[in-house]
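Shown next: entry_36.txt, containing compact mmCIF, C-alpha atoms and all ligand atoms.
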# COMPACT_ATOMS: atom_id res chain seq x y z
CA MET A 1 78.35 87.60 95.55
CA ALA A 2 79.12 83.87 95.46
CA LEU A 3 80.96 82.64 92.39
CA PRO A 4 80.72 79.01 91.19
CA GLN A 5 83.60 76.73 92.24
CA THR A 6 86.27 76.15 89.61
CA ALA A 7 89.35 74.07 88.77
CA PRO A 8 92.50 75.54 90.39
CA THR A 9 94.31 78.39 88.71
CA THR A 10 97.81 79.33 89.87
CA LEU A 11 98.65 82.97 89.21
CA PRO A 12 102.14 84.42 89.87
CA ILE A 13 101.98 88.16 90.59
CA LEU A 14 105.20 89.53 89.22
CA ASN A 15 107.12 92.54 88.07
CA ASN A 16 110.85 92.93 88.61
CA LYS A 17 110.23 96.55 89.63
CA GLY A 18 109.92 96.95 93.41
CA GLY A 19 107.20 98.69 95.39
CA ILE A 20 104.47 98.80 92.75
CA GLY A 21 101.72 96.87 94.55
CA LYS A 22 102.48 93.17 93.93
CA THR A 23 102.05 92.12 97.55
CA THR A 24 99.05 94.40 98.14
CA THR A 25 97.42 92.82 95.09
CA ALA A 26 98.25 89.23 96.10
CA VAL A 27 96.75 89.73 99.55
CA ASN A 28 93.64 91.74 98.67
CA LEU A 29 92.76 89.98 95.42
CA ALA A 30 93.02 86.67 97.31
CA ALA A 31 90.78 88.03 100.07
CA GLY A 32 88.29 89.40 97.50
CA LEU A 33 87.95 86.02 95.80
CA ALA A 34 87.72 84.25 99.17
CA ARG A 35 84.86 86.52 100.18
CA ALA A 36 83.09 85.54 96.94
CA GLY A 37 83.21 81.89 98.04
CA GLN A 38 86.42 80.75 96.34
CA THR A 39 89.04 78.69 98.20
CA VAL A 40 92.30 80.59 97.95
CA LEU A 41 95.95 80.08 98.93
CA VAL A 42 98.58 82.84 99.00
CA VAL A 43 102.19 81.68 98.67
CA ASP A 44 104.71 84.28 99.86
CA LEU A 45 107.89 83.84 97.79
CA ASP A 46 109.66 86.99 98.97
CA SER A 47 112.27 86.95 101.76
CA GLN A 48 110.96 90.42 102.73
CA VAL A 49 107.96 88.39 104.10
CA SER A 50 105.55 91.29 103.37
CA ALA A 51 102.58 89.14 102.31
CA SER A 52 102.96 86.98 105.44
CA LEU A 53 103.02 90.05 107.72
CA SER A 54 100.19 91.74 105.76
CA LEU A 55 98.02 88.69 106.41
CA GLY A 56 98.63 88.85 110.14
CA LEU A 57 101.53 86.53 110.92
CA SER A 58 104.22 87.82 113.25
CA ARG A 59 107.90 87.26 112.56
CA ASP A 60 108.08 84.45 115.13
CA GLN A 61 105.25 82.56 113.39
CA LEU A 62 106.92 82.16 110.01
CA SER A 63 108.32 78.66 110.61
CA PRO A 64 107.67 76.28 108.88
CA SER A 65 107.79 78.41 105.76
CA VAL A 66 107.85 77.85 102.01
CA ALA A 67 111.66 77.85 102.35
CA ASP A 68 111.45 74.76 104.60
CA VAL A 69 109.14 73.15 102.04
CA LEU A 70 111.42 73.98 99.10
CA PHE A 71 114.54 72.75 100.92
CA GLY A 72 112.86 69.47 102.01
CA ASP A 73 112.54 70.25 105.73
CA ALA A 74 108.72 70.37 105.91
CA ASN A 75 105.65 69.02 104.12
CA VAL A 76 103.64 71.57 102.21
CA GLU A 77 100.41 70.67 104.07
CA ASP A 78 102.13 71.26 107.42
CA ALA A 79 103.37 74.71 106.41
CA ILE A 80 100.00 76.09 105.22
CA ARG A 81 98.22 78.30 107.79
CA THR A 82 94.61 79.36 108.13
CA LEU A 83 94.18 82.96 109.24
CA ASP A 84 92.13 84.72 111.91
CA ALA A 85 90.99 87.82 110.05
CA ASP A 86 90.54 86.53 106.51
CA PRO A 87 89.20 83.30 104.95
CA VAL A 88 92.45 82.81 103.02
CA ASP A 89 95.17 80.16 103.50
CA LEU A 90 98.81 81.23 103.59
CA LEU A 91 102.10 79.47 102.87
CA PRO A 92 104.41 82.00 104.53
CA ALA A 93 107.87 83.13 103.52
CA SER A 94 110.91 83.45 105.77
CA LEU A 95 114.26 85.19 105.61
CA ASP A 96 115.83 81.85 104.51
CA LEU A 97 114.30 82.38 101.07
CA ALA A 98 117.15 84.81 100.46
CA ASN A 99 119.36 81.66 100.15
CA ALA A 100 117.10 79.97 97.60
CA ASP A 101 119.21 80.82 94.56
CA VAL A 102 122.30 79.30 96.16
CA SER A 103 120.51 76.30 97.72
CA LEU A 104 118.66 75.36 94.53
CA PHE A 105 121.42 76.22 92.07
CA ASN A 106 122.77 72.68 91.61
CA ALA A 107 119.45 70.85 91.90
CA ASP A 108 118.19 69.11 88.76
CA ASP A 109 114.68 70.37 89.48
CA ARG A 110 115.79 73.91 90.34
CA HIS A 111 113.15 75.45 88.04
CA HIS A 112 110.34 72.98 88.72
CA ARG A 113 110.51 72.30 92.44
CA LEU A 114 107.76 74.74 93.44
CA ALA A 115 105.44 73.43 90.71
CA ARG A 116 105.92 69.87 91.92
CA LEU A 117 105.30 70.82 95.57
CA LEU A 118 102.17 72.82 94.72
CA ASP A 119 100.76 69.88 92.73
CA GLU A 120 100.07 68.24 96.09
CA VAL A 121 97.76 71.02 97.30
CA GLU A 122 96.29 72.33 94.03
CA PRO A 123 93.19 70.10 94.31
CA LEU A 124 92.29 71.93 97.54
CA TYR A 125 92.06 75.41 95.98
CA ASP A 126 90.22 77.38 93.31
CA PHE A 127 93.03 79.97 93.12
CA ILE A 128 96.67 80.05 94.23
CA PHE A 129 98.45 83.42 94.18
CA LEU A 130 102.26 83.51 94.17
CA ASP A 131 103.65 86.78 95.56
CA CYS A 132 107.00 87.14 93.78
CA PRO A 133 110.10 89.11 94.83
CA PRO A 134 111.11 92.16 92.76
CA SER A 135 113.82 90.31 90.83
CA THR A 136 114.29 87.64 88.19
CA SER A 137 115.62 85.10 90.70
CA LEU A 138 115.24 81.33 90.66
CA LEU A 139 112.17 81.78 92.84
CA THR A 140 110.53 83.97 90.21
CA LEU A 141 111.39 81.41 87.53
CA ASN A 142 109.89 78.68 89.75
CA ALA A 143 106.74 80.79 90.05
CA MET A 144 106.56 81.21 86.26
CA VAL A 145 106.88 77.44 85.78
CA ALA A 146 104.25 76.72 88.45
CA GLY A 147 101.86 79.37 87.11
CA ASP A 148 98.98 78.93 84.68
CA ALA A 149 98.99 82.64 83.74
CA LEU A 150 100.84 85.75 84.93
CA LEU A 151 99.30 88.79 86.60
CA ILE A 152 101.48 91.87 86.20
CA PRO A 153 100.86 95.00 88.28
CA VAL A 154 102.20 98.27 86.87
CA SER A 155 102.00 101.64 88.54
CA PRO A 156 101.65 104.66 86.26
CA ALA A 157 103.32 106.73 88.97
CA TYR A 158 106.51 104.67 88.78
CA LEU A 159 106.57 103.24 85.31
CA ALA A 160 106.40 104.88 81.92
CA LEU A 161 105.60 102.84 78.84
CA GLU A 162 109.29 102.04 78.13
CA GLY A 163 109.40 100.28 81.50
CA VAL A 164 106.48 98.06 80.55
CA VAL A 165 108.11 97.22 77.22
CA ARG A 166 111.31 96.31 79.11
CA LEU A 167 109.28 94.09 81.40
CA GLY A 168 107.91 92.35 78.30
CA GLU A 169 111.49 91.64 77.24
CA VAL A 170 112.40 90.27 80.68
CA ILE A 171 109.40 87.93 80.60
CA LYS A 172 110.25 86.82 77.07
CA GLN A 173 113.85 86.05 78.10
CA ALA A 174 112.67 84.10 81.14
CA ARG A 175 110.16 82.17 79.01
CA ASP A 176 112.84 81.41 76.42
CA SER A 177 115.39 80.23 78.96
CA LEU A 178 112.78 77.95 80.54
CA ASN A 179 111.21 76.92 77.25
CA GLN A 180 107.97 77.91 78.94
CA THR A 181 104.96 79.65 77.44
CA THR A 182 103.01 80.84 80.46
CA PRO A 183 100.54 83.40 79.09
CA VAL A 184 99.75 86.78 80.65
CA LEU A 185 96.31 86.88 82.33
CA GLY A 186 96.46 90.66 82.54
CA LEU A 187 98.26 93.88 83.36
CA LEU A 188 96.88 95.71 86.39
CA LEU A 189 97.17 99.46 86.90
CA THR A 190 97.94 100.06 90.60
CA MET A 191 98.34 103.10 92.87
CA VAL A 192 96.48 105.21 90.32
CA ASP A 193 96.34 108.88 91.30
CA ARG A 194 95.05 111.10 88.52
CA GLU A 195 96.07 114.19 90.50
CA ILE A 196 99.69 113.37 89.66
CA ASP A 197 100.92 115.03 86.44
CA ASN A 198 101.17 112.79 83.43
CA THR A 199 99.18 109.89 84.99
CA GLU A 200 96.37 110.15 82.46
CA ALA A 201 98.84 110.17 79.55
CA VAL A 202 100.78 107.14 80.85
CA ILE A 203 97.56 105.17 81.45
CA SER A 204 96.26 106.00 78.02
CA GLN A 205 99.58 104.91 76.41
CA ILE A 206 99.53 101.61 78.30
CA ARG A 207 95.87 100.99 77.43
CA THR A 208 96.45 101.82 73.76
CA TYR A 209 99.56 99.65 73.51
CA TYR A 210 98.32 96.63 75.44
CA GLY A 211 94.57 96.90 74.71
CA GLU A 212 92.43 94.22 76.30
CA LYS A 213 95.41 92.74 78.17
CA VAL A 214 94.98 95.61 80.68
CA PHE A 215 92.29 94.91 83.29
CA SER A 216 89.52 97.51 83.10
CA THR A 217 89.62 97.73 86.92
CA GLU A 218 92.22 100.23 88.17
CA ILE A 219 93.44 100.17 91.77
CA ARG A 220 93.31 103.75 93.03
CA HIS A 221 95.85 105.16 95.44
CA ASP A 222 94.24 104.61 98.85
CA ASP A 223 96.05 104.88 102.18
CA SER A 224 93.52 102.45 103.71
CA LEU A 225 95.46 99.73 101.86
CA VAL A 226 98.65 100.72 103.70
CA ARG A 227 96.85 100.73 107.07
CA ALA A 228 95.23 97.34 106.42
CA ALA A 229 98.66 95.82 105.68
CA GLU A 230 100.06 97.36 108.87
CA GLN A 231 97.21 95.79 110.85
CA GLY A 232 97.81 92.37 109.26
CA ARG A 233 94.35 92.21 107.67
CA SER A 234 92.95 92.48 104.16
CA ILE A 235 91.20 95.66 103.10
CA PHE A 236 87.87 93.78 103.40
CA ALA A 237 88.49 92.95 107.06
CA GLN A 238 89.95 96.37 107.88
CA SER A 239 88.05 98.98 105.79
CA PRO A 240 85.23 97.32 103.82
CA ALA A 241 83.77 100.69 102.70
CA SER A 242 87.02 102.10 101.29
CA PRO A 243 87.92 102.74 97.62
CA GLY A 244 90.58 100.01 97.96
CA ALA A 245 87.91 97.45 98.97
CA ASP A 246 85.69 98.49 96.02
CA ASP A 247 88.61 98.24 93.59
CA TYR A 248 89.88 94.86 94.76
CA ALA A 249 86.30 93.45 94.79
CA ALA A 250 85.89 94.61 91.16
CA LEU A 251 89.28 93.11 90.29
CA ALA A 252 88.29 89.80 91.91
CA SER A 253 85.27 89.56 89.55
CA GLU A 254 87.38 90.45 86.54
CA VAL A 255 90.14 87.95 87.41
CA TYR A 256 87.51 85.27 87.99
CA GLU A 257 86.00 85.92 84.53
CA ARG A 258 89.39 85.91 82.79
CA ALA A 259 90.46 82.76 84.62
CA GLN A 260 87.30 81.03 83.37
CA GLN A 261 88.08 82.08 79.79
CA HIS A 262 91.70 81.04 80.23
CA ARG A 263 90.61 77.58 81.43
CA VAL A 264 88.38 77.16 78.37
CA SER A 265 91.11 78.32 75.97
CA SER A 266 93.88 76.23 77.55
CA SER A 267 91.78 73.06 77.24
CA SER A 268 90.91 73.76 73.57
CA PRO A 269 92.98 72.59 70.56
CA ALA A 270 93.78 76.24 69.66
CA ALA A 271 95.42 76.76 73.05
CA SER A 272 99.00 76.04 72.08
CA SER A 273 99.01 78.58 69.26
CA GLN A 274 97.46 81.17 71.58
CA HIS A 275 100.23 80.50 74.08
CA GLU A 276 102.85 80.91 71.37
CA ARG A 277 101.47 84.29 70.40
CA GLY A 278 101.84 85.27 74.03
CA THR A 279 105.58 84.54 74.01
CA THR A 280 106.50 87.45 71.74
CA ASP A 281 105.47 90.19 74.18
CA LEU A 282 102.88 90.86 76.85
CA ARG A 283 99.97 91.02 74.40
N1 LIG A 301 96.76 101.35 95.87
C1 LIG A 301 97.62 101.75 96.82
N2 LIG A 301 97.46 102.95 97.42
C2 LIG A 301 98.32 103.37 98.39
N3 LIG A 301 99.36 102.65 98.82
C3 LIG A 301 99.57 101.44 98.27
C4 LIG A 301 98.72 100.94 97.24
N4 LIG A 301 99.19 99.71 96.87
C5 LIG A 301 100.28 99.48 97.63
N5 LIG A 301 100.52 100.50 98.47
C6 LIG A 301 101.62 100.63 99.44
O1 LIG A 301 102.83 100.79 98.70
C7 LIG A 301 103.90 100.04 99.30
C8 LIG A 301 104.44 99.03 98.29
O2 LIG A 301 103.38 98.14 97.96
P1 LIG A 301 103.63 96.57 97.85
O3 LIG A 301 104.40 96.09 99.04
O4 LIG A 301 102.33 95.92 97.58
O5 LIG A 301 104.55 96.55 96.56
P2 LIG A 301 105.46 95.34 96.00
O6 LIG A 301 105.47 95.50 94.52
O7 LIG A 301 105.00 94.05 96.56
O8 LIG A 301 106.88 95.72 96.61
P3 LIG A 301 108.21 94.77 96.60
O9 LIG A 301 108.70 94.81 95.21
O10 LIG A 301 109.13 95.42 97.58
O11 LIG A 301 107.78 93.40 97.00
C9 LIG A 301 103.31 99.40 100.54
O12 LIG A 301 103.55 100.23 101.65
C10 LIG A 301 101.81 99.36 100.26
O13 LIG A 301 101.02 99.37 101.44
MG MG A 302 106.09 92.59 97.57
So, in terms of structure tokens, how does the structure I just supplied come out?
Amino acid sequence: MALPQTAPTTLPILNNKGGIGKTTTAVNLAAGLARAGQTVLVVDLDSQVSASLSLGLSRDQLSPSVADVLFGDANVEDAIRTLDADPVDLLPASLDLANADVSLFNADDRHHRLARLLDEVEPLYDFIFLDCPPSTSLLTLNAMVAGDALLIPVSPAYLALEGVVRLGEVIKQARDSLNQTTPVLGLLLTMVDREIDNTEAVISQIRTYYGEKVFSTEIRHDDSLVRAAEQGRSIFAQSPASPGADDYAALASEVYERAQQHRVSSSSPAASSQHERGTTDLR
């Protein structure tokens, strides 16, 4: 399925909870859109470097990284890699990102530096995914400032509704402190396993509470996704007939549709009031 080309949309993938499928979503959603003809960049903002390894880089190939770009030691164009297994571009992370909070702390542009650097390459891409660390660090705030809309994975296995409400508060606080009104593109249910007790009830609570903000696509628990990451390839390159490939292809279509609607609404006069509504919670 080839989708029409679009203006660039930068989507941070964030949740301060760890291990709930942020990186898996960044990598495989990017690959799904790329396979549908979109030009896509993944920016790895986590010093754990999981997205970079999941897309096939080895630890000795991480330099120059987004840390070098942020700290002024490399140009963004020089740090972007094309990949062997997937038609996705990657701006890799490195362990140095762990120092970002300290290195950027006194900079005047400490919240806006990533946005400014990405401005240079945005014309080259239809979508840019920012894989965020599981914390509300300066890097996450930079991602929120650079982003057009947030994509928030939640796993019913690890997160009851109270956790999602808390996440809403964290996002509101971050938005307030930055005076920023980045809207939420959608909440994504990940690692869904209905065999686990209570899953159905948690999903139904989240869907009732957040309504249409929740993507209708759910990412099922599928060990093929773990194996693909270990092999440094997307699920489409590694196991194209797996449930994980079906789910991320469906998500790619849904994200594409929502991004189109978001572009229309953010260029309309009603956009600012819609953004303001989005600052009160995740809805
Ligand atoms: N749908 C899924 N089914 C099975 N395993 C999955 C699924 N999604 C992710 N995983 C596995 O769960 C682990 C955590 O996923 P991932 O790294 O994407 O989470 P994360 O939110 O990025 O974690 P962190 O907060 O540490 O960055 C990984 O081993 C990954 O391969
Ligand atoms: Mg991650």
Closest of A:Ala67, A:Val165, A:Ile13, A:Leu62 to ligand MG 302 (chain A) - atom-to-atom distances counting all atoms listed in the file |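 Going through A:Ala67, A:Val165, A:Ile13, A:Leu62 one by one, the smallest distance to ligand MG 302 (chain A) is for A:Ile13.
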Selection near Asp246 in chain A, 12 Å with only C-alpha atoms, sequence-local residues under 4 positions removed, as a list in words |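 Everything that qualifies: Asn28, Leu29, Gly32, Thr217, Glu218, Ile219, Arg220, Asp222, Ser224, Leu225, Ile235, Phe236, Ser239, Pro240, Ala241, Ser242, Ala250, Leu251, Ala252 and Ser253 of chain A.
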Out of A:Ala249, A:Ala115, A:Ala79, A:Cys132, which residue has the shortest atom-to-atom distance to ligand MG 302 (chain A) when counting all atoms listed in the file?
->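 Answer, going by the shortest atom-to-atom distance: A:Cys132.
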Report the closest atom pair, with its distance in Å rounded to one decimal, for each residue of chain A that has an atom no farther than 10 Å from ligand LIG 301 (chain A); count all atoms listed in the file, sort by chain and then rising residue number, and write it as CSV.
residue,atom,partner,partner_atom,distance
A:Ile13,CA,A:LIG301,O7,8.9
A:Leu14,CA,A:LIG301,O6,8.0
A:Asn15,CA,A:LIG301,O6,7.3
A:Asn16,CA,A:LIG301,O9,7.2
A:Lys17,CA,A:LIG301,O9,6.0
A:Gly18,CA,A:LIG301,O9,3.1
A:Gly19,CA,A:LIG301,O8,3.2
A:Ile20,CA,A:LIG301,O6,3.9
A:Gly21,CA,A:LIG301,O4,3.2
A:Lys22,CA,A:LIG301,O7,3.7
A:Thr23,CA,A:LIG301,O7,3.7
A:Thr24,CA,A:LIG301,O4,3.7
A:Thr25,CA,A:LIG301,O4,6.3
A:Ala26,CA,A:LIG301,O4,8.0
A:Val27,CA,A:LIG301,O4,8.6
A:Asn28,CA,A:LIG301,O4,9.7
A:Leu45,CA,A:LIG301,O11,9.6
A:Asp46,CA,A:LIG301,O11,7.0
A:Ser47,CA,A:LIG301,O11,9.2
A:Gln48,CA,A:LIG301,O11,7.2
A:Val49,CA,A:LIG301,O11,8.7
A:Ser50,CA,A:LIG301,O3,6.6
A:Ala51,CA,A:LIG301,O3,7.9
A:Ser54,CA,A:LIG301,O13,8.8
A:Asp131,CA,A:LIG301,O7,7.5
A:Cys132,CA,A:LIG301,O11,7.1
A:Pro133,CA,A:LIG301,O11,5.3
A:Pro134,CA,A:LIG301,O9,4.3
A:Ser135,CA,A:LIG301,O9,8.1
A:Ile152,CA,A:LIG301,O6,9.9
A:Pro153,CA,A:LIG301,O6,7.8
A:Val154,CA,A:LIG301,O6,8.8
A:Ser155,CA,A:LIG301,N4,9.0
A:Leu189,CA,A:LIG301,N1,9.2
A:Thr190,CA,A:LIG301,N1,5.6
A:Met191,CA,A:LIG301,N1,3.8
A:Val192,CA,A:LIG301,N1,6.8
A:Asp193,CA,A:LIG301,N2,8.6
A:Glu218,CA,A:LIG301,N1,9.0
A:Ile219,CA,A:LIG301,N1,5.4
A:Arg220,CA,A:LIG301,N1,5.1
A:His221,CA,A:LIG301,N2,3.4
A:Asp222,CA,A:LIG301,N2,3.9
A:Asp223,CA,A:LIG301,C2,4.7
A:Ser224,CA,A:LIG301,C2,7.2
A:Leu225,CA,A:LIG301,O13,5.6
A:Val226,CA,A:LIG301,O13,3.5
A:Arg227,CA,A:LIG301,O13,7.1
A:Ala228,CA,A:LIG301,O13,7.9
A:Ala229,CA,A:LIG301,O13,6.0
A:Glu230,CA,A:LIG301,O13,7.8
A:Pro243,CA,A:LIG301,N1,9.1
A:Gly244,CA,A:LIG301,N1,6.7
A:Asp247,CA,A:LIG301,N1,9.0
A:Tyr248,CA,A:LIG301,N1,9.5
Put those residues in a file: C-alpha atoms, as an mmCIF file, keeping the file's coordinate frame.
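In the end it all went to out07.cif:
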data_model
loop_
_atom_site.group_PDB
_atom_site.id
_atom_site.type_symbol
_atom_site.label_atom_id
_atom_site.label_comp_id
_atom_site.auth_asym_id
_atom_site.auth_seq_id
_atom_site.Cartn_x
_atom_site.Cartn_y
_atom_site.Cartn_z
ATOM 1 C CA ILE A 13 101.980 88.160 90.590
ATOM 2 C CA LEU A 14 105.200 89.530 89.220
ATOM 3 C CA ASN A 15 107.120 92.540 88.070
ATOM 4 C CA ASN A 16 110.850 92.930 88.610
ATOM 5 C CA LYS A 17 110.230 96.550 89.630
ATOM 6 C CA GLY A 18 109.920 96.950 93.410
ATOM 7 C CA GLY A 19 107.200 98.690 95.390
ATOM 8 C CA ILE A 20 104.470 98.800 92.750
ATOM 9 C CA GLY A 21 101.720 96.870 94.550
ATOM 10 C CA LYS A 22 102.480 93.170 93.930
ATOM 11 C CA THR A 23 102.050 92.120 97.550
ATOM 12 C CA THR A 24 99.050 94.400 98.140
ATOM 13 C CA THR A 25 97.420 92.820 95.090
ATOM 14 C CA ALA A 26 98.250 89.230 96.100
ATOM 15 C CA VAL A 27 96.750 89.730 99.550
ATOM 16 C CA ASN A 28 93.640 91.740 98.670
ATOM 17 C CA LEU A 45 107.890 83.840 97.790
ATOM 18 C CA ASP A 46 109.660 86.990 98.970
ATOM 19 C CA SER A 47 112.270 86.950 101.760
ATOM 20 C CA GLN A 48 110.960 90.420 102.730
ATOM 21 C CA VAL A 49 107.960 88.390 104.100
ATOM 22 C CA SER A 50 105.550 91.290 103.370
ATOM 23 C CA ALA A 51 102.580 89.140 102.310
ATOM 24 C CA SER A 54 100.190 91.740 105.760
ATOM 25 C CA ASP A 131 103.650 86.780 95.560
ATOM 26 C CA CYS A 132 107.000 87.140 93.780
ATOM 27 C CA PRO A 133 110.100 89.110 94.830
ATOM 28 C CA PRO A 134 111.110 92.160 92.760
ATOM 29 C CA SER A 135 113.820 90.310 90.830
ATOM 30 C CA ILE A 152 101.480 91.870 86.200
ATOM 31 C CA PRO A 153 100.860 95.000 88.280
ATOM 32 C CA VAL A 154 102.200 98.270 86.870
ATOM 33 C CA SER A 155 102.000 101.640 88.540
ATOM 34 C CA LEU A 189 97.170 99.460 86.900
ATOM 35 C CA THR A 190 97.940 100.060 90.600
ATOM 36 C CA MET A 191 98.340 103.100 92.870
ATOM 37 C CA VAL A 192 96.480 105.210 90.320
ATOM 38 C CA ASP A 193 96.340 108.880 91.300
ATOM 39 C CA GLU A 218 92.220 100.230 88.170
ATOM 40 C CA ILE A 219 93.440 100.170 91.770
ATOM 41 C CA ARG A 220 93.310 103.750 93.030
ATOM 42 C CA HIS A 221 95.850 105.160 95.440
ATOM 43 C CA ASP A 222 94.240 104.610 98.850
ATOM 44 C CA ASP A 223 96.050 104.880 102.180
ATOM 45 C CA SER A 224 93.520 102.450 103.710
ATOM 46 C CA LEU A 225 95.460 99.730 101.860
ATOM 47 C CA VAL A 226 98.650 100.720 103.700
ATOM 48 C CA ARG A 227 96.850 100.730 107.070
ATOM 49 C CA ALA A 228 95.230 97.340 106.420
ATOM 50 C CA ALA A 229 98.660 95.820 105.680
ATOM 51 C CA GLU A 230 100.060 97.360 108.870
ATOM 52 C CA PRO A 243 87.920 102.740 97.620
ATOM 53 C CA GLY A 244 90.580 100.010 97.960
ATOM 54 C CA ASP A 247 88.610 98.240 93.590
ATOM 55 C CA TYR A 248 89.880 94.860 94.760
#
Measuring atom to atom with all atoms listed in the file, identify which of A:Asn142, A:Ser52, A:Gln38, A:Ser58 is nearest to ligand MG 302 (chain A).
->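 The answer is A:Ser52, which sits nearest to ligand MG 302 (chain A).
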Shell of 7 Å around Val88 in chain A, all atoms listed in the file, local chain residues under 3 positions omitted, as a list in words |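 Answer for this query is Ala30, Ala31, Ala34, Val40, Leu41, Thr82 and Leu83 of chain A.
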Could you save the residues just selected, with C-alpha atoms, as a PDB file, in the frame of the given file?
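Everything below was put into part32.pdb:
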ATOM      1  CA  ALA A  30      93.020  86.670  97.310  1.00  0.00           C
ATOM      2  CA  ALA A  31      90.780  88.030 100.070  1.00  0.00           C
ATOM      3  CA  ALA A  34      87.720  84.250  99.170  1.00  0.00           C
ATOM      4  CA  VAL A  40      92.300  80.590  97.950  1.00  0.00           C
ATOM      5  CA  LEU A  41      95.950  80.080  98.930  1.00  0.00           C
ATOM      6  CA  THR A  82      94.610  79.360 108.130  1.00  0.00           C
ATOM      7  CA  LEU A  83      94.180  82.960 109.240  1.00  0.00           C
TER       8      LEU A  83
END
Which is closer to ligand MG 302 (chain A) than all the others in A:Thr9, A:Val43, A:Asp84, A:Arg113, using only C-alpha atoms and all ligand atoms?
->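 Between A:Thr9, A:Val43, A:Asp84, A:Arg113, the residue approaching ligand MG 302 (chain A) most closely is A:Val43.
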Name the residues in contact with Ala146 in chain A at a cut-off of 12 Å, using only C-alpha atoms, excluding same-chain residues fewer than 6 positions from it; report them as number ranges by chain.
-> A: 8-13, 43, 111-119, 122, 128-130, 139-140, 178, 180-182
Distance of CA of Glu120 in chain A from CA of Gly186 in chain A, expressed in Å to one decimal place |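 Taking CA of Gly186 in chain A and CA of Glu120 in chain A, their separation equals 26.4 Å.
Across A:Asp44, A:Ala157, A:Arg81, A:Pro4, the tightest approach to ligand MG 302 (chain A) is made by A:Asp44 when counting all atoms listed in the file.
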Selected residue, from A:Ala93, A:Val121, A:Ala201, A:Ala100, that lies nearest to ligand MG 302 (chain A) when counting only C-alpha atoms and all ligand atoms |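 Of the candidates, the smallest distance to ligand MG 302 (chain A) is held by A:Ala93.
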Take CA of Leu53 in chain A and CA of Tyr125 in chain A and report the distance between them in Å, one decimal.
->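 CA of Tyr125 in chain A lies 21.7 Å from CA of Leu53 in chain A.
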Expressed in Å to a single decimal, how great is the separation between CA of Leu97 in chain A and CA of Arg233 in chain A?
->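 Result for CA of Leu97 in chain A versus CA of Arg233 in chain A: 23.2 Å, one decimal.
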Step by step, gather every atom of range 53-69 of chain A that the file lists, find the box along x, y and z that holds them, add 6 Å on each side, and finally give centre and edge lengths in Å to one decimal, as AutoDock Vina command-line options.
--center_x 104.8 --center_y 82.4 --center_z 108.6 --size_x 25.6 --size_y 30.6 --size_z 25.1
